[in-house]
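**Student:** Structure supplied as structure-v7.cif; contents: mmCIF, C-alpha atoms and all ligand atoms.
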```
data_my_file
#
loop_
_atom_site.label_atom_id
_atom_site.label_comp_id
_atom_site.auth_asym_id
_atom_site.auth_seq_id
_atom_site.Cartn_x
_atom_site.Cartn_y
_atom_site.Cartn_z
CA MET A 1 169.60 86.54 22.49
CA PRO A 2 171.67 83.48 23.29
CA LYS A 3 172.99 83.04 19.71
CA CYS A 4 174.27 86.61 19.57
CA ARG A 5 175.81 86.42 23.08
CA GLY A 6 177.62 83.23 22.04
CA ALA A 7 179.16 84.93 19.01
CA MET A 8 180.43 87.83 21.09
CA THR A 9 181.99 85.50 23.66
CA ASP A 10 183.75 83.57 20.87
CA GLN A 11 185.33 86.72 19.53
CA ALA A 12 186.39 87.99 22.95
CA THR A 13 188.12 84.70 23.79
CA GLN A 14 189.70 84.16 20.37
CA GLN A 15 193.42 84.89 20.42
CA LEU A 16 194.64 87.84 18.41
CA THR A 17 197.88 87.13 16.56
CA PHE A 18 200.41 89.97 16.20
CA ALA A 19 203.20 89.33 13.64
CA ILE A 20 206.58 91.01 13.87
CA PRO A 21 209.77 90.60 11.83
CA LYS A 22 212.70 88.92 13.52
CA GLY A 23 215.19 91.23 11.78
CA ARG A 24 216.34 94.75 12.44
CA ILE A 25 212.98 96.52 12.90
CA LEU A 26 212.40 94.51 16.05
CA ASP A 27 214.55 96.54 18.48
CA GLU A 28 212.86 99.78 17.47
CA ALA A 29 209.40 98.22 17.37
CA LEU A 30 209.36 96.70 20.87
CA PRO A 31 209.23 100.03 22.82
CA VAL A 32 206.44 101.31 20.53
CA MET A 33 204.52 98.08 20.99
CA ALA A 34 204.96 98.28 24.77
CA ARG A 35 203.35 101.74 24.75
CA ALA A 36 200.37 100.19 22.96
CA GLY A 37 200.17 97.44 25.60
CA VAL A 38 201.75 94.70 23.50
CA VAL A 39 204.46 93.15 25.68
CA PRO A 40 205.88 89.68 24.99
CA GLU A 41 206.64 87.14 27.68
CA ASP A 42 210.27 86.96 28.96
CA ALA A 43 211.02 83.88 26.83
CA PHE A 44 210.76 86.10 23.75
CA HIS A 45 214.06 87.78 24.69
CA ASP A 46 215.86 84.50 25.33
CA LYS A 47 218.21 84.12 22.33
CA GLY A 48 218.35 80.34 22.76
CA ASN A 49 214.57 79.95 22.57
CA ARG A 50 213.50 78.32 19.28
CA SER A 51 209.79 78.97 19.73
CA LEU A 52 208.17 81.13 17.04
CA SER A 53 205.03 81.97 18.97
CA PHE A 54 204.97 83.78 22.32
CA ALA A 55 202.42 84.74 24.93
CA THR A 56 202.03 88.41 25.82
CA THR A 57 200.91 90.20 28.95
CA ARG A 58 197.49 90.29 27.26
CA GLU A 59 195.77 86.98 27.67
CA ASP A 60 193.96 87.38 24.37
CA MET A 61 197.06 88.05 22.27
CA ARG A 62 200.07 86.11 21.07
CA LEU A 63 203.10 87.30 19.15
CA ILE A 64 204.63 85.48 16.20
CA ARG A 65 208.17 86.24 15.06
CA VAL A 66 208.66 85.59 11.35
CA ARG A 67 210.71 86.83 8.39
CA ALA A 68 209.91 90.36 7.26
CA PHE A 69 208.24 89.29 3.99
CA ASP A 70 206.20 86.67 5.81
CA VAL A 71 204.70 89.22 8.22
CA ALA A 72 202.76 90.67 5.26
CA THR A 73 201.73 87.21 4.07
CA PHE A 74 200.44 86.08 7.49
CA VAL A 75 198.42 89.30 7.94
CA ALA A 76 197.10 89.46 4.35
CA HIS A 77 195.73 85.93 4.67
CA GLY A 78 194.22 86.58 8.11
CA ALA A 79 196.47 84.05 9.86
CA ALA A 80 197.60 87.06 11.90
CA GLN A 81 195.25 90.00 12.36
CA ILE A 82 197.87 92.68 12.90
CA GLY A 83 201.59 93.22 12.48
CA ILE A 84 204.51 95.54 11.88
CA VAL A 85 206.51 95.56 8.65
CA GLY A 86 208.53 97.87 6.40
CA SER A 87 206.77 99.81 3.64
CA ASP A 88 209.21 98.14 1.22
CA VAL A 89 207.52 94.80 1.90
CA ILE A 90 203.99 96.26 1.72
CA GLU A 91 204.70 97.84 -1.67
CA GLU A 92 206.42 94.76 -3.04
CA PHE A 93 203.41 92.53 -2.34
CA ASP A 94 200.59 95.06 -2.77
CA TYR A 95 198.10 92.69 -1.08
CA ALA A 96 194.49 93.89 -1.43
CA ASP A 97 193.52 92.47 1.99
CA LEU A 98 196.25 94.32 3.81
CA TYR A 99 195.71 97.81 5.22
CA ALA A 100 198.60 99.92 6.56
CA PRO A 101 196.97 102.69 8.60
CA VAL A 102 199.90 103.93 10.74
CA ASP A 103 203.43 105.03 9.84
CA LEU A 104 205.42 104.17 12.97
CA ASP A 105 208.36 106.42 12.04
CA ILE A 106 210.91 103.66 12.73
CA GLY A 107 213.04 101.46 10.46
CA HIS A 108 213.95 104.31 8.15
CA CYS A 109 215.92 103.49 5.03
CA ARG A 110 215.44 103.71 1.26
CA LEU A 111 215.19 101.32 -1.63
CA SER A 112 217.73 102.19 -4.30
CA VAL A 113 219.41 101.07 -7.49
CA ALA A 114 223.18 100.61 -7.18
CA ARG A 115 226.00 99.65 -9.50
CA VAL A 116 229.74 99.12 -9.39
CA ALA A 117 231.61 102.31 -8.46
CA GLY A 118 233.17 103.85 -11.57
CA ALA A 119 231.08 101.80 -14.00
CA ASP A 120 229.22 103.67 -16.73
CA ALA A 121 225.47 103.93 -16.40
CA PRO A 122 223.97 100.98 -18.32
CA HIS A 123 222.70 102.01 -21.74
CA VAL A 124 218.98 102.66 -21.62
CA HIS A 125 218.38 100.60 -24.77
CA SER A 126 220.63 97.79 -23.64
CA SER A 127 218.96 94.55 -24.72
CA HIS A 128 219.95 92.73 -21.56
CA MET A 129 219.71 94.56 -18.26
CA ARG A 130 219.91 92.16 -15.37
CA VAL A 131 219.12 93.36 -11.84
CA ALA A 132 219.67 91.32 -8.68
CA THR A 133 217.09 92.02 -5.98
CA LYS A 134 214.84 90.78 -3.23
CA TYR A 135 212.16 93.11 -4.68
CA PRO A 136 211.37 91.95 -8.26
CA ASN A 137 207.97 93.69 -8.47
CA LEU A 138 209.19 97.09 -7.31
CA THR A 139 212.27 96.74 -9.48
CA ARG A 140 210.30 95.90 -12.64
CA ARG A 141 207.88 98.74 -11.92
CA HIS A 142 210.72 101.21 -11.44
CA PHE A 143 212.49 100.31 -14.69
CA GLU A 144 209.27 99.97 -16.68
CA ALA A 145 208.34 103.54 -15.73
CA ARG A 146 211.59 104.52 -17.47
CA GLY A 147 210.83 102.41 -20.51
CA ILE A 148 213.38 99.76 -19.56
CA GLN A 149 212.67 96.05 -19.34
CA ALA A 150 214.71 94.64 -16.50
CA GLU A 151 215.32 90.94 -16.01
CA CYS A 152 215.27 90.36 -12.25
CA VAL A 153 217.41 87.77 -10.53
CA LYS A 154 215.75 87.08 -7.19
CA LEU A 155 218.14 86.90 -4.24
CA ASN A 156 217.24 86.76 -0.57
CA GLY A 157 220.25 88.67 0.76
CA ALA A 158 223.82 89.70 -0.02
CA MET A 159 222.70 91.36 -3.26
CA GLU A 160 225.88 93.46 -3.13
CA LEU A 161 227.90 90.47 -4.35
CA ALA A 162 225.99 90.14 -7.62
CA PRO A 163 227.68 92.83 -9.80
CA SER A 164 231.27 91.86 -9.01
CA LEU A 165 230.50 88.20 -9.69
CA GLY A 166 228.76 88.93 -12.98
CA LEU A 167 225.31 87.83 -11.84
CA ALA A 168 223.79 91.23 -12.63
CA SER A 169 224.96 94.66 -13.72
CA GLN A 170 222.90 96.42 -11.03
CA ILE A 171 221.17 95.68 -7.76
CA VAL A 172 218.06 97.04 -6.06
CA ASP A 173 218.40 96.90 -2.30
CA LEU A 174 217.81 98.80 0.94
CA VAL A 175 220.27 101.50 1.88
CA SER A 176 220.54 103.24 5.21
CA THR A 177 224.04 104.50 6.06
CA GLY A 178 225.41 103.43 2.66
CA ARG A 179 228.16 101.46 4.40
CA THR A 180 227.26 98.10 2.89
CA LEU A 181 227.35 99.51 -0.65
CA LYS A 182 230.67 101.28 -0.03
CA GLU A 183 232.37 98.28 1.51
CA ASN A 184 231.34 96.18 -1.48
CA GLY A 185 232.55 98.65 -4.12
CA LEU A 186 229.09 99.88 -5.19
CA VAL A 187 227.48 103.30 -5.51
CA GLU A 188 223.84 104.29 -5.24
CA SER A 189 222.62 105.51 -8.62
CA ASP A 190 218.88 105.98 -8.30
CA PRO A 191 216.66 106.10 -5.19
CA ILE A 192 213.32 104.32 -5.69
CA MET A 193 211.39 104.92 -2.46
CA ASP A 194 211.77 106.02 1.16
CA VAL A 195 210.97 103.24 3.59
CA SER A 196 209.67 103.18 7.17
CA ALA A 197 207.88 100.58 9.26
CA ARG A 198 204.07 100.51 9.30
CA LEU A 199 201.38 98.97 11.43
CA ILE A 200 199.45 96.60 9.17
CA VAL A 201 196.08 94.94 9.72
CA ASN A 202 193.95 92.43 7.89
CA ARG A 203 191.01 94.38 6.42
CA ALA A 204 188.40 91.76 7.35
CA ALA A 205 189.68 91.51 10.92
CA LEU A 206 189.52 95.30 11.23
CA LYS A 207 185.84 95.18 10.24
CA THR A 208 184.83 92.27 12.43
CA ASP A 209 186.99 92.47 15.56
CA PRO A 210 186.81 95.70 17.60
CA ARG A 211 190.12 94.86 19.31
CA VAL A 212 191.93 95.39 16.01
CA GLY A 213 190.46 98.89 15.65
CA GLU A 214 191.38 99.67 19.28
CA LEU A 215 194.98 98.67 18.59
CA VAL A 216 195.07 100.82 15.44
CA ASP A 217 193.85 103.79 17.53
CA ALA A 218 196.48 103.10 20.22
CA PHE A 219 199.34 102.93 17.69
CA ARG A 220 198.02 105.99 15.86
CA SER A 221 198.00 108.03 19.09
CA ILE A 222 201.57 106.93 19.85
CA ALA A 223 202.73 107.89 16.35
CA GLN A 224 201.04 111.29 16.68
CA GLU A 225 202.65 111.89 20.10
CA ARG A 226 206.07 110.96 18.69
CA GLU A 227 205.55 113.32 15.76
CA ALA A 228 204.55 116.16 18.08
CA ALA A 229 207.51 115.57 20.45
N1 LIG B 301 219.70 99.08 6.74
C1 LIG B 301 218.47 99.22 7.18
N2 LIG B 301 218.16 100.28 7.91
C2 LIG B 301 216.90 100.43 8.38
N3 LIG B 301 215.88 99.56 8.15
C3 LIG B 301 216.17 98.51 7.42
C4 LIG B 301 217.46 98.28 6.93
N4 LIG B 301 217.47 97.13 6.28
C5 LIG B 301 216.20 96.67 6.37
N5 LIG B 301 215.42 97.51 7.04
C6 LIG B 301 213.99 97.36 7.33
O1 LIG B 301 213.87 96.20 8.11
C7 LIG B 301 213.05 95.25 7.47
C8 LIG B 301 213.51 93.88 7.85
O2 LIG B 301 214.82 93.72 7.44
P1 LIG B 301 215.62 92.39 7.76
O3 LIG B 301 216.23 91.98 6.46
O4 LIG B 301 216.53 92.65 8.87
O5 LIG B 301 214.44 91.42 8.21
P2 LIG B 301 214.37 89.87 8.38
O6 LIG B 301 213.12 89.58 9.11
O7 LIG B 301 215.67 89.40 8.96
O8 LIG B 301 214.20 89.41 6.89
P3 LIG B 301 214.97 88.28 6.14
O9 LIG B 301 215.04 87.15 7.09
O10 LIG B 301 214.14 88.05 4.92
O11 LIG B 301 216.34 88.89 5.82
C9 LIG B 301 213.12 95.59 5.98
O12 LIG B 301 211.99 95.13 5.29
C10 LIG B 301 213.18 97.12 6.05
O13 LIG B 301 211.87 97.67 6.14
O1 LIG B 302 223.24 101.15 4.17
P1 LIG B 302 223.51 100.23 5.31
O2 LIG B 302 223.36 100.94 6.65
O3 LIG B 302 224.82 99.54 5.20
O4 LIG B 302 222.35 99.14 5.34
C1 LIG B 302 222.04 98.40 4.18
C2 LIG B 302 222.01 96.93 4.42
O5 LIG B 302 221.01 96.63 5.40
C3 LIG B 302 220.18 95.58 4.88
O6 LIG B 302 220.72 94.33 5.12
P2 LIG B 302 220.68 93.58 6.51
O7 LIG B 302 221.83 94.02 7.34
O8 LIG B 302 219.33 93.75 7.15
O9 LIG B 302 220.93 92.06 6.10
P3 LIG B 302 220.36 91.20 4.89
O10 LIG B 302 221.29 91.45 3.72
O11 LIG B 302 220.44 89.81 5.40
O12 LIG B 302 218.95 91.62 4.59
C4 LIG B 302 220.22 95.82 3.39
O13 LIG B 302 219.84 94.64 2.68
C5 LIG B 302 221.66 96.23 3.14
O14 LIG B 302 222.50 95.14 2.89
#
```
Would you mind writing the file out in structure tokens?
Ligand SMILES: Nc1ncnc2c1ncn2[C@@H]1O[C@H](COP(=O)(O)OP(=O)(O)OP(=O)(O)O)[C@@H](O)[C@H]1O
Ligand SMILES: O=P(O)(O)OC[C@H]1O[C@H](OP(=O)(O)OP(=O)(O)O)[C@H](O)[C@@H]1O

**Tutor:**
Amino acid sequence: MPKCRGAMTDQATQQLTFAIPKGRILDEALPVMARAGVVPEDAFHDKGNRSLSFATTREDMRLIRVRAFDVATFVAHGAAQIGIVGSDVIEEFDYADLYAPVDLDIGHCRLSVARVAGADAPHVHSSHMRVATKYPNLTRRHFEARGIQAECVKLNGAMELAPSLGLASQIVDLVSTGRTLKENGLVESDPIMDVSARLIVNRAALKTDPRVGELVDAFRSIAQEREAA
């Protein structure tokens, strides 16, 4: 029927948008993406290029390079249908429209509480516990589960400076080697969650566009092969 054929053609020609973070997951993500057939145009690797949207070797797909937190926002709102982001970001937002079906086993780190080396543990019943973090929701949840009300000071980076400058007694931030904490006179006191990068998709797009499901299958097979290797 012509109406039905028209709808199918629309979907086949509509561009898929794949969102990836511009930060440190990117280097590990690109080889995995290539195995799934997602390869950006050469301009993507040109450091001087200010474009945020890139063609790929697939005519029906473009790549957008955005901040890690914004990957989740673009995909949850359907502005991008698929993306890659850390589980820290997924848990912080907890978007209902976002589905994270594949653990890509890259971007490993952990989210932890840290405080000044040598400082006493803050008193549990302290009336004023201030925590500097990029993750206010996860931080509140973590302290609430311990019966502590934490006042979060939202920072977007360089959290490690907050305790020594009196902005907060503790921080909640990502830790990998522990070098950043050490070089800023802090110690990890309490791990909150292990983090790795996930493939994320918009739930509605997964239901309505078969290409999204095919990509999920491709990434899932790659993750399984990597696990078996
Ligand atoms: N030290 C680390 N080791 C491993 N993975 C990390 C580390 N730090 C961050 N990540 C992972 O990489 C993701 C992106 O981090 P990064 O801060 O580099 O991204 P970004 O896009 O530059 O974000 P922003 O611009 O907001 O800083 C994090 O959400 C986390 O999942
Ligand atoms: O334990 P480490 O191996 O030292 O890694 C931890 C650091 O890595 C991340 O920052 P990033 O370098 O991504 O910069 P950012 O502070 O701008 O987010 C994180 O926020 C820590 O600062």

**Student:** Work out how far CA of Glu41 (chain A) is from CA of Leu206 (chain A), in Å to one decimal.

**Tutor:**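 CA of Leu206 (chain A) sits 25.1 Å away from CA of Glu41 (chain A).
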
**Student:** Could I get the residues of chain A with an atom no further than 10 Å from an atom of ligand LIG 302 (chain B), each paired with its nearest atom pair and that distance in Å to one decimal, using only C-alpha atoms and all ligand atoms, sorted by chain and residue number, as CSV?

**Tutor:**
```
residue,atom,partner,partner_atom,distance
A:Gly23,CA,B:LIG302,O8,6.7
A:Arg24,CA,B:LIG302,O8,6.2
A:Ile25,CA,B:LIG302,O8,9.0
A:Ala68,CA,B:LIG302,O12,9.5
A:Cys109,CA,B:LIG302,O1,7.7
A:Arg110,CA,B:LIG302,O1,8.7
A:Leu111,CA,B:LIG302,C4,9.0
A:Thr133,CA,B:LIG302,O13,9.5
A:Lys134,CA,B:LIG302,O13,8.7
A:Leu155,CA,B:LIG302,O10,9.7
A:Asn156,CA,B:LIG302,O12,7.3
A:Gly157,CA,B:LIG302,O10,4.2
A:Ala158,CA,B:LIG302,O10,4.8
A:Met159,CA,B:LIG302,O10,7.1
A:Glu160,CA,B:LIG302,O14,7.1
A:Val172,CA,B:LIG302,O13,9.2
A:Asp173,CA,B:LIG302,O13,5.7
A:Leu174,CA,B:LIG302,C4,4.5
A:Val175,CA,B:LIG302,O1,3.8
A:Ser176,CA,B:LIG302,O1,3.6
A:Thr177,CA,B:LIG302,O2,3.7
A:Gly178,CA,B:LIG302,O1,3.5
A:Arg179,CA,B:LIG302,O3,3.9
A:Thr180,CA,B:LIG302,O3,3.7
A:Leu181,CA,B:LIG302,O3,6.4
A:Lys182,CA,B:LIG302,O3,8.0
A:Glu183,CA,B:LIG302,O3,8.5
A:Asn184,CA,B:LIG302,O14,9.9
A:Glu188,CA,B:LIG302,O1,9.9
```

**Student:** Given only C-alpha atoms as the basis, pick out the residue of A:Gln170, A:Ser164, A:Thr73, A:Gln81 nearest to Asp120 (chain A).

**Tutor:**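 Selected residue with least distance to Asp120 (chain A): A:Gln170.
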
**Student:** If you measure from atom C4 of ligand LIG 301 (chain B) to CA of Phe44 (chain A), what distance in Å do you get, rounded to one decimal?

**Tutor:**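 Taking atom C4 of ligand LIG 301 (chain B) as the start and CA of Phe44 (chain A) as the end point, the length is 21.8 Å.
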
**Student:** Which is closer to Ala121 (chain A) than all the others in A:Asp27, A:Asp70, A:Asp105, A:Asp190, using all atoms listed in the file?

**Tutor:**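 Closest candidate: A:Asp190.
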
**Student:** For each of A:Asp194, A:Glu144, A:Glu151, A:Asp97, take the minimum atom-to-atom distance to ligand LIG 301 (chain B), counting all atoms listed in the file, then give the residue where this is smallest.

**Tutor:** A:Asp194

**Student:** Could you check the closest approach to Met33 (chain A) for each of A:Gly83, A:Pro210, A:Gly147, A:Gly78 and tell me which residue wins, using only C-alpha atoms?

**Tutor:**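 Among the listed residues, A:Gly83 lies closest to Met33 (chain A).
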
**Student:** Report the distance between CA of Ile222 (chain A) and CA of Ser87 (chain A) in Å, rounded to one decimal place.

**Tutor:** 18.5 Å

**Student:** Set up a box along x, y and z of the file covering all listed atoms of ligand LIG 301 (chain B), add 3 Å on every one of the six sides, and write the centre and edge lengths in Å to one decimal, as JSON.

**Tutor:**
```
{"center_x": 215.8, "center_y": 93.8, "center_z": 7.0, "size_x": 13.8, "size_y": 19.3, "size_z": 10.2}
```

**Student:** With distances taken over all atoms listed in the file, which of A:Ala145, A:Ile171, A:Ala197, A:Val66 is nearest to Gly86 (chain A)?

**Tutor:**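 For Gly86 (chain A), the nearest of the candidates is A:Ala197.
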
**Student:** Excluding Pro136 (chain A) and residues on its chain fewer than 2 positions from it, collect all residues at most 8 Å away from it, counting only C-alpha atoms, and give them as a list of chain:residue names.

**Tutor:**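 The filter keeps A:Glu92, A:Thr133, A:Lys134, A:Leu138, A:Thr139, A:Arg140, A:Cys152, A:Val153, A:Lys154.
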
**Student:** Generate the output file for the selected residues, C-alpha atoms, as a short mmCIF file (atom, residue, chain, number, x, y, z; two decimals), keeping the file's coordinate frame.

**Tutor:**
```
data_model
loop_
_atom_site.label_atom_id
_atom_site.label_comp_id
_atom_site.auth_asym_id
_atom_site.auth_seq_id
_atom_site.Cartn_x
_atom_site.Cartn_y
_atom_site.Cartn_z
CA GLU A 92 206.42 94.76 -3.04
CA THR A 133 217.09 92.02 -5.98
CA LYS A 134 214.84 90.78 -3.23
CA LEU A 138 209.19 97.09 -7.31
CA THR A 139 212.27 96.74 -9.48
CA ARG A 140 210.30 95.90 -12.64
CA CYS A 152 215.27 90.36 -12.25
CA VAL A 153 217.41 87.77 -10.53
CA LYS A 154 215.75 87.08 -7.19
#
```

**Student:** Looking at all atoms listed in the file, which of A:Gly107, A:Pro101, A:Gly37, A:Gly48 is the one that sits closest to ligand LIG 301 (chain B)?

**Tutor:**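 Among A:Gly107, A:Pro101, A:Gly37, A:Gly48, it is A:Gly107 that comes nearest to ligand LIG 301 (chain B).
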
**Student:** Quick one: residues within 8 Å of Val116 (chain A), all atoms listed in the file, excluding same-chain residues fewer than 3 positions away - as a ChimeraX atom specification?

**Tutor:** /A:119,163-164,169-170,185-187

**Student:** Kindly export the residues of the current selection with C-alpha atoms, as a tab-separated table (two decimals), in the coordinates of the input.

**Tutor:**
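Below is the file out-v9.tsv, written as the result:
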```tsv
chain	number	residue	atom	x	y	z
A	119	ALA	CA	231.08	101.80	-14.00
A	163	PRO	CA	227.68	92.83	-9.80
A	164	SER	CA	231.27	91.86	-9.01
A	169	SER	CA	224.96	94.66	-13.72
A	170	GLN	CA	222.90	96.42	-11.03
A	185	GLY	CA	232.55	98.65	-4.12
A	186	LEU	CA	229.09	99.88	-5.19
A	187	VAL	CA	227.48	103.30	-5.51
```
